[in-house]
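With mmCIF, C-alpha atoms inside, this is data38.cif:
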data_data
loop_
_atom_site.label_atom_id
_atom_site.label_comp_id
_atom_site.auth_asym_id
_atom_site.auth_seq_id
_atom_site.Cartn_x
_atom_site.Cartn_y
_atom_site.Cartn_z
CA MET A 12 239.63 66.18 46.08
CA LYS A 13 238.66 67.66 42.72
CA LYS A 14 237.61 64.22 41.49
CA ILE A 15 235.44 63.73 44.58
CA LEU A 16 233.83 67.14 44.12
CA SER A 17 233.23 66.42 40.45
CA ALA A 18 231.62 63.08 41.28
CA CYS A 19 229.41 64.76 43.90
CA LEU A 20 228.42 67.44 41.42
CA ILE A 21 227.46 64.80 38.86
CA LEU A 22 225.34 62.97 41.43
CA ILE A 23 223.62 66.21 42.42
CA LEU A 24 222.90 67.03 38.78
CA LEU A 25 221.56 63.52 38.12
CA PHE A 26 219.36 63.70 41.21
CA SER A 27 218.09 67.13 40.19
CA ALA A 28 217.34 65.88 36.68
CA SER A 29 215.50 62.85 38.04
CA PHE A 30 213.53 65.03 40.44
CA ALA A 31 212.63 67.45 37.66
CA LEU A 32 211.51 64.56 35.46
CA ALA A 33 209.35 63.14 38.24
CA GLU A 34 207.84 66.57 38.82
CA SER A 35 207.00 66.90 35.12
CA LEU A 36 205.14 63.58 34.94
CA GLN A 37 201.35 63.59 35.30
CA LYS A 38 200.26 61.08 37.92
CA ILE A 39 197.44 58.67 37.06
CA VAL A 40 195.90 56.28 39.55
CA ILE A 41 194.30 53.08 38.25
CA GLY A 42 192.44 50.47 40.28
CA ALA A 43 192.92 46.90 39.11
CA THR A 44 192.46 43.31 40.18
CA PRO A 45 195.76 41.45 40.67
CA SER A 46 195.98 39.14 37.67
CA PRO A 47 196.17 39.78 34.79
CA HIS A 48 195.11 43.41 35.07
CA ALA A 49 197.71 44.75 37.51
CA ILE A 50 200.40 42.60 35.88
CA LEU A 51 199.68 44.14 32.47
CA LEU A 52 199.64 47.65 33.91
CA GLU A 53 202.97 47.09 35.64
CA TYR A 54 204.39 45.88 32.33
CA VAL A 55 203.64 49.24 30.64
CA THR A 56 204.69 51.53 33.51
CA ASP A 57 207.94 52.60 31.84
CA ASP A 58 206.18 53.07 28.49
CA LEU A 59 203.73 55.43 30.17
CA LYS A 60 206.61 57.38 31.73
CA ALA A 61 208.05 57.86 28.27
CA LEU A 62 204.73 59.46 27.32
CA GLY A 63 204.72 61.72 30.37
CA PHE A 64 202.65 59.77 32.89
CA ASP A 65 203.52 58.34 36.29
CA LEU A 66 201.30 55.32 36.99
CA GLU A 67 200.13 54.28 40.45
CA ILE A 68 198.27 50.98 40.65
CA ILE A 69 195.84 50.29 43.49
CA ILE A 70 194.96 46.62 43.90
CA PHE A 71 191.34 45.56 44.48
CA THR A 72 190.24 42.00 45.22
CA ASP A 73 186.49 42.67 45.43
CA TYR A 74 184.51 43.52 42.29
CA PRO A 75 182.05 45.97 43.92
CA LEU A 76 184.74 48.45 45.02
CA PRO A 77 186.60 49.86 41.97
CA ASN A 78 183.61 51.46 40.23
CA PRO A 79 182.41 53.56 43.21
CA ALA A 80 186.05 54.52 43.84
CA LEU A 81 186.34 55.75 40.25
CA ALA A 82 182.99 57.56 40.36
CA ASN A 83 184.12 59.31 43.56
CA SER A 84 187.38 60.45 41.86
CA GLU A 85 189.56 58.30 44.13
CA LEU A 86 190.87 56.77 40.89
CA ASP A 87 191.48 58.11 37.40
CA ALA A 88 190.51 54.80 35.79
CA ASN A 89 189.94 51.17 36.61
CA TYR A 90 190.75 47.97 34.78
CA PHE A 91 189.00 44.81 35.89
CA GLN A 92 185.61 44.45 34.20
CA HIS A 93 183.70 43.54 31.07
CA MET A 94 180.72 45.36 29.56
CA PRO A 95 177.94 43.27 31.18
CA TYR A 96 179.40 44.07 34.60
CA LEU A 97 179.78 47.76 33.76
CA ASN A 98 176.23 47.91 32.38
CA ALA A 99 174.87 46.30 35.54
CA TYR A 100 176.72 48.86 37.66
CA ASN A 101 175.50 51.79 35.56
CA ASP A 102 171.91 50.56 35.90
CA THR A 103 172.11 50.97 39.69
CA VAL A 104 173.58 54.48 39.98
CA SER A 105 172.61 58.05 39.16
CA ASP A 106 173.73 59.69 35.92
CA ALA A 107 176.43 61.55 37.86
CA ASP A 108 178.11 58.27 38.83
CA LYS A 109 177.89 56.44 35.51
CA LEU A 110 181.14 55.29 33.88
CA ILE A 111 182.21 54.47 30.34
CA ALA A 112 184.33 51.75 28.75
CA ALA A 113 187.29 53.47 27.10
CA ILE A 114 189.83 50.84 25.99
CA PRO A 115 189.23 47.15 25.15
CA VAL A 116 192.32 45.20 26.17
CA HIS A 117 191.83 41.47 26.69
CA TYR A 118 189.45 38.58 27.30
CA GLU A 119 189.69 35.84 29.93
CA PRO A 120 187.89 32.58 29.10
CA TYR A 121 185.64 31.30 31.88
CA GLY A 122 186.32 27.71 32.89
CA ILE A 123 185.07 24.65 34.75
CA TYR A 124 187.81 23.42 37.10
CA ALA A 125 188.24 20.11 38.87
CA GLY A 126 187.70 19.87 42.58
CA LYS A 127 187.17 16.44 44.09
CA THR A 128 186.05 15.14 40.69
CA LYS A 129 188.82 15.11 38.10
CA SER A 130 186.77 14.82 34.92
CA LEU A 131 183.24 15.76 33.87
CA ASP A 132 182.55 12.15 32.86
CA GLU A 133 183.09 11.10 36.49
CA LEU A 134 180.78 13.73 37.98
CA PRO A 135 178.54 11.92 40.50
CA ASP A 136 174.82 12.38 41.04
CA GLY A 137 174.27 15.26 43.46
CA ALA A 138 177.72 16.73 42.87
CA ILE A 139 178.53 20.02 44.61
CA VAL A 140 179.17 22.83 42.13
CA THR A 141 180.47 26.20 43.30
CA ILE A 142 179.37 29.10 41.14
CA THR A 143 179.66 32.87 41.34
CA ASN A 144 177.03 34.86 43.22
CA ASP A 145 177.80 37.83 40.96
CA PRO A 146 174.64 38.48 38.85
CA PRO A 147 176.37 39.63 35.63
CA ASN A 148 178.63 36.56 35.63
CA GLN A 149 176.25 33.83 36.77
CA PRO A 150 174.45 33.60 33.38
CA ARG A 151 177.82 33.16 31.72
CA ALA A 152 178.68 30.32 34.10
CA LEU A 153 175.33 28.63 33.54
CA ILE A 154 175.71 28.80 29.76
CA LEU A 155 179.13 27.20 30.16
CA LEU A 156 177.51 24.34 32.12
CA GLN A 157 174.94 23.93 29.36
CA ASP A 158 177.64 23.92 26.69
CA ALA A 159 179.37 21.18 28.67
CA GLY A 160 176.16 19.11 28.56
CA LEU A 161 175.47 19.25 32.28
CA VAL A 162 172.26 21.32 32.44
CA THR A 163 169.57 22.67 30.14
CA LEU A 164 168.52 26.32 30.23
CA PRO A 165 165.43 28.04 28.81
CA GLU A 166 165.43 28.47 25.04
CA GLY A 167 166.86 31.70 23.72
CA VAL A 168 169.09 32.61 26.66
CA ASP A 169 172.40 34.27 25.94
CA THR A 170 175.26 35.73 27.92
CA GLU A 171 173.27 38.90 28.60
CA SER A 172 170.18 37.10 29.91
CA MET A 173 169.82 37.71 33.64
CA ILE A 174 169.22 34.09 34.58
CA THR A 175 170.12 32.30 37.80
CA VAL A 176 170.39 28.70 38.97
CA LEU A 177 166.65 28.84 39.62
CA ASP A 178 166.05 29.08 35.86
CA ILE A 179 167.65 25.70 35.06
CA VAL A 180 165.12 23.63 33.11
CA ASP A 181 166.81 20.24 33.37
CA ASN A 182 169.49 19.08 35.80
CA PRO A 183 169.95 15.36 35.09
CA LYS A 184 172.82 14.89 37.56
CA ASN A 185 170.98 16.76 40.33
CA LEU A 186 173.88 19.17 40.69
CA GLN A 187 173.85 21.05 43.98
CA PHE A 188 174.84 24.68 43.53
CA LEU A 189 176.70 26.68 46.13
CA GLU A 190 176.81 30.38 45.25
CA VAL A 191 179.88 32.19 46.60
CA ASP A 192 181.81 35.39 46.08
CA PRO A 193 183.85 35.05 42.86
CA ALA A 194 187.10 35.89 44.65
CA ILE A 195 186.91 32.75 46.81
CA LEU A 196 185.88 30.30 44.09
CA PRO A 197 189.39 28.79 43.76
CA SER A 198 189.49 28.12 47.51
CA THR A 199 186.37 25.95 47.23
CA LEU A 200 188.04 23.32 45.02
CA ASP A 201 188.99 21.10 47.97
CA ASP A 202 185.35 20.75 49.00
CA ALA A 203 183.38 21.02 45.75
CA ASN A 204 183.28 18.49 42.93
CA ILE A 205 183.78 21.22 40.32
CA SER A 206 183.89 25.00 40.30
CA LEU A 207 183.12 27.56 37.62
CA ILE A 208 185.79 30.22 37.98
CA ASN A 209 186.26 33.66 36.46
CA GLY A 210 189.45 33.85 34.41
CA ASN A 211 191.22 36.47 36.49
CA TYR A 212 190.61 34.62 39.75
CA ALA A 213 191.75 31.35 38.18
CA LEU A 214 195.01 32.99 37.09
CA ALA A 215 195.50 34.63 40.48
CA ALA A 216 195.16 31.22 42.12
CA GLY A 217 197.85 29.73 39.88
CA LEU A 218 195.44 27.81 37.65
CA SER A 219 196.21 27.55 33.95
CA PRO A 220 193.06 27.78 31.81
CA ALA A 221 194.77 25.97 28.94
CA ARG A 222 196.10 23.19 31.19
CA ASP A 223 193.74 22.90 34.16
CA ALA A 224 190.23 23.69 32.92
CA LEU A 225 188.00 20.67 32.33
CA PHE A 226 185.91 22.80 29.98
CA LEU A 227 186.67 26.27 28.68
CA GLU A 228 184.80 28.98 26.81
CA PRO A 229 185.83 29.25 23.15
CA THR A 230 188.19 32.16 22.63
CA ASP A 231 187.14 32.92 19.06
CA GLY A 232 183.38 33.37 19.40
CA GLN A 233 180.85 36.03 20.37
CA THR A 234 181.48 35.40 24.06
CA ALA A 235 184.99 36.79 23.73
CA GLN A 236 183.58 40.01 22.26
CA VAL A 237 180.93 40.39 24.94
CA PHE A 238 183.31 39.74 27.83
CA ALA A 239 186.34 41.72 26.69
CA ASN A 240 187.88 43.53 29.66
CA TYR A 241 188.11 47.31 29.43
CA VAL A 242 189.89 50.23 30.98
CA VAL A 243 186.98 52.26 32.35
CA VAL A 244 186.91 56.02 33.05
CA ARG A 245 184.52 58.81 33.97
CA PRO A 246 182.71 60.25 30.91
CA GLU A 247 184.51 63.58 31.12
CA ASP A 248 187.86 61.80 30.71
CA ALA A 249 186.94 59.91 27.55
CA ASP A 250 189.29 62.01 25.42
CA ALA A 251 191.86 62.82 28.10
CA ASP A 252 195.55 62.62 27.22
CA PHE A 253 196.15 59.92 29.83
CA VAL A 254 193.47 57.74 28.21
CA LYS A 255 195.11 58.16 24.82
CA ALA A 256 198.46 57.22 26.36
CA LEU A 257 196.98 54.15 28.04
CA LYS A 258 195.45 53.05 24.75
CA THR A 259 198.78 53.47 22.97
CA VAL A 260 200.74 51.35 25.43
CA LEU A 261 198.10 48.70 26.21
CA GLN A 262 197.10 48.10 22.59
CA SER A 263 200.67 47.56 21.42
CA ASP A 264 202.35 44.60 19.79
CA LYS A 265 204.60 44.45 22.86
CA VAL A 266 201.62 43.85 25.15
CA LYS A 267 199.98 41.45 22.71
CA ASP A 268 203.11 39.30 22.60
CA TYR A 269 203.36 39.46 26.39
CA MET A 270 199.80 38.22 26.81
CA LEU A 271 200.32 35.32 24.43
CA THR A 272 203.75 34.20 25.63
CA LEU A 273 203.84 34.79 29.38
CA GLU A 274 203.77 31.32 30.92
CA GLU A 275 201.84 32.62 33.93
CA PHE A 276 198.88 33.50 31.69
CA ALA A 277 198.84 30.12 29.94
CA GLY A 278 195.97 30.63 27.54
CA GLY A 279 193.94 32.70 29.99
CA VAL A 280 194.56 36.16 28.53
CA ILE A 281 193.50 36.78 24.92
CA PRO A 282 194.22 40.15 23.24
CA MET A 283 191.08 41.98 22.11
CA PHE A 284 192.54 44.75 19.94
#

Can you present the structure in this file as structure tokens?
Amino acid sequence: MKKILSACLILILLFSASFALAESLQKIVIGATPSPHAILLEYVTDDLKALGFDLEIIIFTDYPLPNPALANSELDANYFQHMPYLNAYNDTVSDADKLIAAIPVHYEPYGIYAGKTKSLDELPDGAIVTITNDPPNQPRALILLQDAGLVTLPEGVDTESMITVLDIVDNPKNLQFLEVDPAILPSTLDDANISLINGNYALAAGLSPARDALFLEPTDGQTAQVFANYVVVRPEDADADFVKALKTVLQSDKVKDYMLTLEEFAGGVIPMF
């Protein structure tokens, strides 16, 4: 009986200690797209607990939602976007709703993926090309098409030029563009000849940028700097303790090795710290 009582007492003490620890942790809520953002956040959950923070991840699959949710204090931070996207959002809202990029974490190369056509050399005249309808990302996709030799754009354009398919100067293969929500680009591969897919949505669909892309952005150029993905916060939280903790755990050698070796990422997640 004494042994049973002792065991029960130990369990009660352990439960009380665990409860006290949970109570002492500061909760932080971060909105993220599924892959690689939520995967990377899940990987550092225990590291954050060691620094005093209990992480809750809320998954978003639509780009327009996480920034308003953060501005409205439904989130403490979000992790899904690059600077051109954040700048475009900030240009459309009042000063009270503007957000800031706090922690650069990684870059996802944009790619051209095979649909019904399995190589760019075999692309037929009038081929159907699915492309994002997201304004900050469409210029990036068009520049990728130009780099692949498929279209010509106006002189002097760069990844921050707000160009659309209507600005194409020369389209020798008479490519037919279908603009769709970036989240559904992978699902168009059965019907399109090729698709230009954002890195996170390619990964979420099980595509390997290193293996499956017909043409991929270079990972060592200016594009990688421009399109680094950030943890974003409200301006008043720029120096908050939870932001410092997130920077410590996300910009670690442990996370860098994870990005570069996880088979699921397969060349689609490049550290940017």

Item to check | Shell around range 143-148 of chain A at 7 Å using only C-alpha atoms, local window under 4 positions removed, as a PyMOL selection string | outcome: chain A and resi 95-96+99+152+190-193

Checklist entry - So how far away is CA of Ser172 in chain A from CA of Leu81 in chain A, in Å? => result 26.8 Å

Checklist outcome for this item: Across A:Tyr124, A:Tyr100, A:Tyr90, A:Phe64, the smallest distance to Leu52 in chain A, with only C-alpha atoms counted, is shown by A:Tyr90

Checklist entry - Hey, which of A:Arg222, A:His117, A:Lys60, A:Lys129 ends up closest to Pro47 in chain A? Count all atoms listed in the file. => result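 That would be A:His117, the residue with the smallest distance to Pro47 in chain A.
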
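The set of residues that the PyMOL selection byres ((chain A and resi 185) around 12) takes from this file is Leu134, Pro135, Asp136, Gly137, Ala138, Ile139, Val140, Leu161, Val162, Thr163, Ile179, Val180, Asp181, Asn182, Pro183, Lys184, Leu186, Gln187 and Phe188 of chain A.
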
Item to check | Residues within 12 Å of Asp252 in chain A, all atoms listed in the file, excluding chain neighbours under 5 positions, as a list in words | outcome: Gln37, Lys38, Ile39, Leu59, Leu62, Gly63, Phe64, Asp87, Glu247, Leu257, Lys258 and Thr259 of chain A

Checklist outcome for this item: note - CA of Ile281 in chain A and CA of Phe226 in chain A are separated by 16.7 Å

Item to check | Matched chain/residue IDs from the PyMOL selection byres ((chain A and resi 41) around 6), as a PyMOL selection string | outcome: chain A and resi 40+42+68+86-89

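Put simply, CA of Tyr241 in chain A is 21.7 Å away from CA of Ala216 in chain A.
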
Next on the checklist: Can you spell out as a list in words the set of residues that the PyMOL selection byres ((chain A and resi 228) around 10) selects in the structure I just provided?
Outcome noted: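 Listing what the PyMOL selection byres ((chain A and resi 228) around 10) selects in the shown file: Glu119, Pro120, Tyr121, Gly122, Ile123, Arg151, Ala152, Ile154, Leu155, Asp158, Ala159, Pro220, Ala224, Phe226, Leu227, Pro229, Thr230, Asp231, Gly232, Thr234 and Ala235 of chain A.
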
Next on the checklist: Measuring between all atoms listed in the file, which one of A:Ser198, A:Gln262, A:Thr44, A:Ser84 shows the shortest distance to Asp248 in chain A?
Outcome noted: A:Ser84

Checklist entry - Pick from A:Lys265, A:Asp65, A:Gln233, A:Ser46: nearest to Leu218 in chain A, with all atoms listed in the file counted? => result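 For Leu218 in chain A, the nearest of the given residues is A:Ser46.
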
Checklist outcome for this item: Min atom-atom distance to Met270 in chain A from the set A:Glu171, A:Val104, A:Leu51, A:Gly210, counting only C-alpha atoms, belongs to A:Leu51
